[in-house]
Structure formats: C-alpha cells, structure tokens
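*Asks:* I'd like to ask you about the structure that follows.
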Amino acid sequence: SFINLYSRKSEIAVALSKITGLIVMDEAHMSIAPKYKLAIDILLFNKAKLIGLTATPGRTWNLPEEDAKLSRYFNKKKVTLKVDGFSNPVDYLIKEGYIAEVESQDLMYEGGIEPSESDMEYLKSEFKLPKRYLNKMSIDTARNILIVTKIKSLLIKHKRILVFAMNVKHSEVLAMVLASMGIKAFSISAKTDGNLRKNNIELFKSNSEEKIVLCNYGVLTTGFDAPETSCAVIARPTDSLVLYSQMVGRAIRGTLSGGNEEAEIVTVIDENLTGFGAVADAFTNWDDVWDDVN
C-alpha cells in the first residue's frame, strides 16, 4: 500500500515501524532512489511488507515514466484520506487546524535576462535551467530589490520568514541587504560553519518576539521544523512540484501542529518561466499513474 498523508508522517512512521515485519518509508517518493531502494529490496526479499508515507506521491512534474516507476513499486495502490463534505484532505486538515489557512500570491518579475537558445535547449533536454543562467538571474539587481522590498513588507504581518534562494551567493546577498536595512536576517547553506548554522537555526526556531528572516539554499527543504514560520518566499525558479511542495510545507503548519492559523506563500514568477501556486496541486497531480486510488 501507499499511504498519502499530510500531517505527522514521521510520528506515524515511527509507530508503524514497531509492527514486526513492516517497513515504513517516510518521504516515500524517495523509495526508488538508489540509496534507499537497495536496502528496501533486501528487506522485501526477506518477506517484509512495505508502507510508504508522503504528501507528494510522485517524483517529477513532467516525467510521467519516472512517476510510474514509483507507483509500480507500490503496486499502483494509493490510499488517501477521504472525509465526507470535503473534496480533498487538504481542505479538511486546514479546517481542523493541522494545516494553516494558506494565502498564495505571485510576485511577478517582468524584467530579467532572456534565456539563450542553448539555455532553452538545456531546459528541454534536462527539464531544468542550467546553472549559468541561474547564476545570471541571482545577480539581477532589479529582481533582488523586488524580493527584498517584498520581504520587508511581509515583516509587518509575519514574525518568521523563510526564504529559498537560487544559489549560495543569492542567499548571502539577500540576507546581507536585509541586514543592512536593520532587519535581523541570516543566510545558511551547506557551506555555512556548523556552529553558526546551528545557532542561527535555533534563534529562528525560538519563541523570541524579534522578527527574523532566514535565507537558505539547499538545506531547509525537508526535515526542517520551525512552527513559528508563517511565511515562505520562493525566490528560486523550479519545475519540480515535489520540491515546491516541500518548500511550501515549511511554513504551513497549523495550530494543532504547533503552528499558525494563517500562512503566506510568495512565489517569485519570472516572465516566461513556469511556477506553481497552489498547495493542493500535489494532491491530485499524480493520480494518472495510480490505478487504485481509494
């Protein structure tokens, strides 16, 4: 079976894993990744049973065959929470307070650098933008001013804001500009000193009334739990619905999950580039590769 859940997945995984002979895979969309699949296959060969837990029952946005591999691994069976009076689990979990009421808005940027012909060819073949193009975008002064100005206005309403940058330098620049404006802002990445990263994250997670912006690249998309976070700014283009959902998920914890009644997701939309804007997109996006959805 494949269980599609939207809250407390880790706690459920721990509880279910105590059942003899049962493998419980949290973030189950990673099950067929090489570093996990071999270990799982060995256990399955020894008669274990497998249950997967995830909020994103797919691996890509635009590669159906990759998503189909995941569904086949779970016998194409997905079990989804159904509640009378609700069209999907997200609406139910919002009403009950497990997920915050989400306001999504696009921050449109109509300027910027036009992708070259080779950039577009790379996008078509690799389904992602080349690093050289992202590096050019990250130092676009007008784009960064737009982002920083928006973050400053968001601090009127929010105490903790998480910013997802497009590379390490971009994260550092955004944090530096915000700090120069008198805003407490930090940047963390895989390159950040371990003690400094730990201290900055602990301060961000604290109950301090001080308003803090935490900019990051590549380290806070999964496994980061800061319930005080009520706003996320997605300042990096992505064509991955899984990654987008993980970034959004850092800010939408509801009151019953220790979070907030309301959350705000701001997605920077660059002209001619794709983006996502709805939290519930991940709920039905991959239904076509699951034969048994019940």
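How things are named: the first chain in the structure tokens is A, the next is B, and so on; residues count from 1 in each chain; ligands count from 1 in the order shown.
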Could you give me the residues within segment 8-257 of chain A that DSSP places in strand (DSSP E or B), as a VMD selection string?
*Replies:* chain A and resid 22 to 26 49 to 54 77 to 80 99 101 to 109 160 to 164 184 to 189 212 to 217 231 to 234 253
*Asks:* Using 12 Å as the limit and counting only C-alpha atoms, can you tabulate each residue of segment 166-263 of chain A that touches segment 46-56 of chain A, with its shortest atom-to-atom distance in Å and the two atoms involved, as JSON lines?
*Replies:*
{"residue": "A:Thr222", "atom": "CA", "partner": "A:Ala55", "partner_atom": "CA", "distance": 11.8}
{"residue": "A:Ser240", "atom": "CA", "partner": "A:Thr56", "partner_atom": "CA", "distance": 10.9}
{"residue": "A:Leu241", "atom": "CA", "partner": "A:Thr56", "partner_atom": "CA", "distance": 8.2}
{"residue": "A:Val242", "atom": "CA", "partner": "A:Thr56", "partner_atom": "CA", "distance": 6.0}
{"residue": "A:Leu243", "atom": "CA", "partner": "A:Thr56", "partner_atom": "CA", "distance": 9.3}
{"residue": "A:Tyr244", "atom": "CA", "partner": "A:Thr56", "partner_atom": "CA", "distance": 10.1}
{"residue": "A:Ser245", "atom": "CA", "partner": "A:Thr56", "partner_atom": "CA", "distance": 7.4}
{"residue": "A:Gln246", "atom": "CA", "partner": "A:Thr56", "partner_atom": "CA", "distance": 8.6}
{"residue": "A:Val248", "atom": "CA", "partner": "A:Ala55", "partner_atom": "CA", "distance": 11.6}
{"residue": "A:Gly249", "atom": "CA", "partner": "A:Ala55", "partner_atom": "CA", "distance": 9.4}
*Asks:* So that I have them on file, write out the residues from the current selection with N, CA and C atoms, as a PDB file, in the first residue's frame.
*Replies:*
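Dumped everything to again_19.pdb:
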ATOM      1  N   THR A 222      13.539  19.903   3.393  1.00  0.00           N
ATOM      2  CA  THR A 222      12.911  18.776   4.080  1.00  0.00           C
ATOM      3  C   THR A 222      13.504  18.642   5.472  1.00  0.00           C
ATOM      4  N   SER A 240       9.944  21.486 -10.313  1.00  0.00           N
ATOM      5  CA  SER A 240       9.687  20.287  -9.519  1.00  0.00           C
ATOM      6  C   SER A 240       8.558  20.551  -8.534  1.00  0.00           C
ATOM      7  N   LEU A 241       7.420  19.921  -8.760  1.00  0.00           N
ATOM      8  CA  LEU A 241       6.292  20.076  -7.843  1.00  0.00           C
ATOM      9  C   LEU A 241       6.614  19.474  -6.480  1.00  0.00           C
ATOM     10  N   VAL A 242       7.421  18.405  -6.467  1.00  0.00           N
ATOM     11  CA  VAL A 242       7.827  17.801  -5.199  1.00  0.00           C
ATOM     12  C   VAL A 242       8.638  18.802  -4.382  1.00  0.00           C
ATOM     13  N   LEU A 243       9.655  19.395  -5.005  1.00  0.00           N
ATOM     14  CA  LEU A 243      10.493  20.368  -4.312  1.00  0.00           C
ATOM     15  C   LEU A 243       9.676  21.577  -3.889  1.00  0.00           C
ATOM     16  N   TYR A 244       8.810  22.055  -4.769  1.00  0.00           N
ATOM     17  CA  TYR A 244       7.982  23.212  -4.437  1.00  0.00           C
ATOM     18  C   TYR A 244       7.104  22.909  -3.222  1.00  0.00           C
ATOM     19  N   SER A 245       6.490  21.725  -3.206  1.00  0.00           N
ATOM     20  CA  SER A 245       5.625  21.331  -2.095  1.00  0.00           C
ATOM     21  C   SER A 245       6.408  21.243  -0.796  1.00  0.00           C
ATOM     22  N   GLN A 246       7.655  20.750  -0.876  1.00  0.00           N
ATOM     23  CA  GLN A 246       8.479  20.645   0.326  1.00  0.00           C
ATOM     24  C   GLN A 246       8.833  22.025   0.869  1.00  0.00           C
ATOM     25  N   VAL A 248       7.081  24.840   0.424  1.00  0.00           N
ATOM     26  CA  VAL A 248       5.839  25.400   0.959  1.00  0.00           C
ATOM     27  C   VAL A 248       5.525  24.786   2.316  1.00  0.00           C
ATOM     28  N   GLY A 249       5.771  23.479   2.445  1.00  0.00           N
ATOM     29  CA  GLY A 249       5.441  22.767   3.676  1.00  0.00           C
ATOM     30  C   GLY A 249       6.154  23.275   4.903  1.00  0.00           C
TER      31      GLY A 249
END
*Asks:* Using only C-alpha atoms, find the one residue out of A:Ile188, A:Ile139, A:Ala263, A:Val177 that sits nearest to Lys157 of chain A.
*Replies:*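 Between A:Ile188, A:Ile139, A:Ala263, A:Val177, the residue approaching Lys157 of chain A most closely is A:Ala263.
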*Asks:* Looking at only C-alpha atoms, which of A:Ile113, A:Ile145, A:Ile32, A:Val163 is the one that sits closest to Arg72 of chain A?
*Replies:* A:Ile32
*Asks:* With 6 Å as the cut-off and only C-alpha atoms counted, what is the closest atom pair between each nearby residue of segment 116-196 of chain A and segment 204-220 of chain A? Distances in Å to one decimal, ordered by chain and number, as a Markdown table.
*Replies:*
| residue | atom | partner | partner_atom | distance |
| --- | --- | --- | --- | --- |
| A:Lys159 | CA | A:Lys211 | CA | 4.5 |
| A:Arg160 | CA | A:Ile212 | CA | 5.2 |
| A:Ile161 | CA | A:Val213 | CA | 4.8 |
| A:Leu162 | CA | A:Leu214 | CA | 5.0 |
| A:Val163 | CA | A:Cys215 | CA | 4.5 |
| A:Phe164 | CA | A:Asn216 | CA | 5.4 |
| A:Ala165 | CA | A:Tyr217 | CA | 5.3 |
| A:Asn167 | CA | A:Tyr217 | CA | 5.7 |
| A:Val168 | CA | A:Tyr217 | CA | 5.6 |
| A:Ser171 | CA | A:Cys215 | CA | 5.4 |
| A:Lys184 | CA | A:Ile212 | CA | 5.2 |
| A:Ala185 | CA | A:Val213 | CA | 4.6 |
| A:Phe186 | CA | A:Leu214 | CA | 5.1 |
| A:Ser187 | CA | A:Cys215 | CA | 4.6 |
| A:Ile188 | CA | A:Asn216 | CA | 4.9 |
| A:Ser189 | CA | A:Tyr217 | CA | 5.3 |
*Asks:* Kindly give the distance, in Å, that separates atom CA of Gly258 of chain A and atom CA of Thr229 of chain A, rounded to a single decimal.
*Replies:*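 Interatomic distance, atom CA of Gly258 of chain A to atom CA of Thr229 of chain A: 10.4 Å.
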*Asks:* What separation in Å, quoted to one decimal, exists between atom CA of Thr267 of chain A and atom CA of Asp106 of chain A?
*Replies:*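 Answer for the atom CA of Thr267 of chain A to atom CA of Asp106 of chain A separation: 5.0 Å.
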*Asks:* Point out the residue among A:Ile40, A:Val79, A:Ile183, A:Ala33 with the least atom-to-atom distance to Leu154 of chain A, counting only C-alpha atoms.
*Replies:*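 With only C-alpha atoms as the atom set, the closest residue is A:Ile183.
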*Asks:* My list of candidates is A:Leu174, A:Asp91, A:Gly259, A:Val233. Which is closest to Met247 of chain A when distances are computed with only C-alpha atoms?
*Replies:* A:Val233
*Asks:* Nearest to Met181 of chain A among A:Leu196, A:Ile234, A:Ile151, A:Val24, with distances taken over only C-alpha atoms: which residue is it?
*Replies:*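 Ranking A:Leu196, A:Ile234, A:Ile151, A:Val24 by distance to Met181 of chain A, first place goes to A:Ile151.
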*Asks:* Name the residues in contact with Leu107 of chain A at a cut-off of 9 Å, using only C-alpha atoms, excluding same-chain residues fewer than 5 positions from it; report them as a ChimeraX atom specification.
*Replies:* /A:146-147,150,266-270
*Asks:* Could you find all residues in segment 114-280 of chain A that DSSP calls helix (DSSP H, G or I) from the backbone, and write them as an NGL selection string?
*Replies:* :A and (117-126 or 131-138 or 141-154 or 168-180 or 194-205 or 241-249 or 255-257)
*Asks:* Only C-alpha atoms, please: the residues just picked out, written as a short mmCIF file (atom, residue, chain, number, x, y, z; two decimals), in the first residue's frame.
*Replies:*
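part-v4.cif, freshly written:
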data_model
loop_
_atom_site.label_atom_id
_atom_site.label_comp_id
_atom_site.auth_asym_id
_atom_site.auth_seq_id
_atom_site.Cartn_x
_atom_site.Cartn_y
_atom_site.Cartn_z
CA GLU A 117 18.80 29.32 -27.33
CA SER A 118 21.26 26.96 -25.64
CA ASP A 119 19.58 27.60 -22.26
CA MET A 120 16.23 26.61 -23.73
CA GLU A 121 17.72 23.51 -25.34
CA TYR A 122 19.15 22.50 -21.97
CA LEU A 123 15.76 23.09 -20.35
CA LYS A 124 14.06 20.89 -22.95
CA SER A 125 16.56 18.05 -22.55
CA GLU A 126 17.26 18.18 -18.80
CA LYS A 131 23.37 26.79 -13.55
CA ARG A 132 24.95 29.51 -15.68
CA TYR A 133 21.52 31.01 -16.34
CA LEU A 134 20.51 30.78 -12.67
CA ASN A 135 23.78 32.47 -11.71
CA LYS A 136 22.93 35.38 -14.00
CA MET A 137 19.44 35.62 -12.52
CA SER A 138 20.80 35.61 -8.97
CA THR A 141 19.77 43.83 -9.12
CA ALA A 142 16.20 44.80 -10.05
CA ARG A 143 14.92 41.28 -9.25
CA ASN A 144 16.69 41.25 -5.89
CA ILE A 145 15.36 44.70 -4.99
CA LEU A 146 11.85 43.44 -5.77
CA ILE A 147 12.36 40.43 -3.48
CA VAL A 148 13.89 42.40 -0.60
CA THR A 149 11.18 45.08 -0.79
CA LYS A 150 8.51 42.39 -0.64
CA ILE A 151 10.15 40.67 2.34
CA LYS A 152 10.29 43.97 4.21
CA SER A 153 6.55 44.48 3.69
CA LEU A 154 5.81 40.92 4.79
CA VAL A 168 24.52 30.14 -2.09
CA LYS A 169 25.60 33.59 -3.24
CA HIS A 170 22.00 34.63 -3.81
CA SER A 171 21.08 33.59 -0.26
CA GLU A 172 24.02 35.54 1.15
CA VAL A 173 23.23 38.67 -0.88
CA LEU A 174 19.56 38.73 0.14
CA ALA A 175 20.47 38.29 3.83
CA MET A 176 23.17 40.96 3.63
CA VAL A 177 20.85 43.53 2.03
CA LEU A 178 18.11 42.82 4.57
CA ALA A 179 20.60 43.16 7.43
CA SER A 180 21.80 46.50 6.03
CA GLY A 194 28.25 24.08 11.58
CA ASN A 195 28.11 26.01 14.88
CA LEU A 196 26.97 29.21 13.18
CA ARG A 197 24.26 27.36 11.27
CA LYS A 198 23.09 25.63 14.47
CA ASN A 199 22.95 28.92 16.41
CA ASN A 200 21.08 30.78 13.66
CA ILE A 201 18.53 27.99 13.23
CA GLU A 202 17.95 27.78 17.00
CA LEU A 203 17.36 31.54 17.14
CA PHE A 204 14.95 31.31 14.21
CA LYS A 205 13.07 28.47 15.96
CA LEU A 241 6.29 20.08 -7.84
CA VAL A 242 7.83 17.80 -5.20
CA LEU A 243 10.49 20.37 -4.31
CA TYR A 244 7.98 23.21 -4.44
CA SER A 245 5.63 21.33 -2.09
CA GLN A 246 8.48 20.64 0.33
CA MET A 247 9.44 24.32 0.44
CA VAL A 248 5.84 25.40 0.96
CA GLY A 249 5.44 22.77 3.68
CA THR A 255 -2.28 25.43 15.19
CA LEU A 256 -2.91 21.77 16.10
CA SER A 257 0.57 21.02 14.79
#
*Asks:* Enter the distance from atom CA of Thr238 of chain A to atom CA of Ala100 of chain A, in Å, rounded to one decimal.
*Replies:*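 One can read the atom CA of Thr238 of chain A to atom CA of Ala100 of chain A distance as 23.3 Å.
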*Asks:* Give me the residues within 9 Å of Glu264 of chain A as a list in words, counting only C-alpha atoms and dropping any in the same chain fewer than 2 places off.
*Replies:* Glu101, Val102, Glu103, Ser104, Gln105, Leu154, His158, Ser230, Cys231, Ala232, Val233, Ala251, Ile252, Glu262 and Val266 of chain A
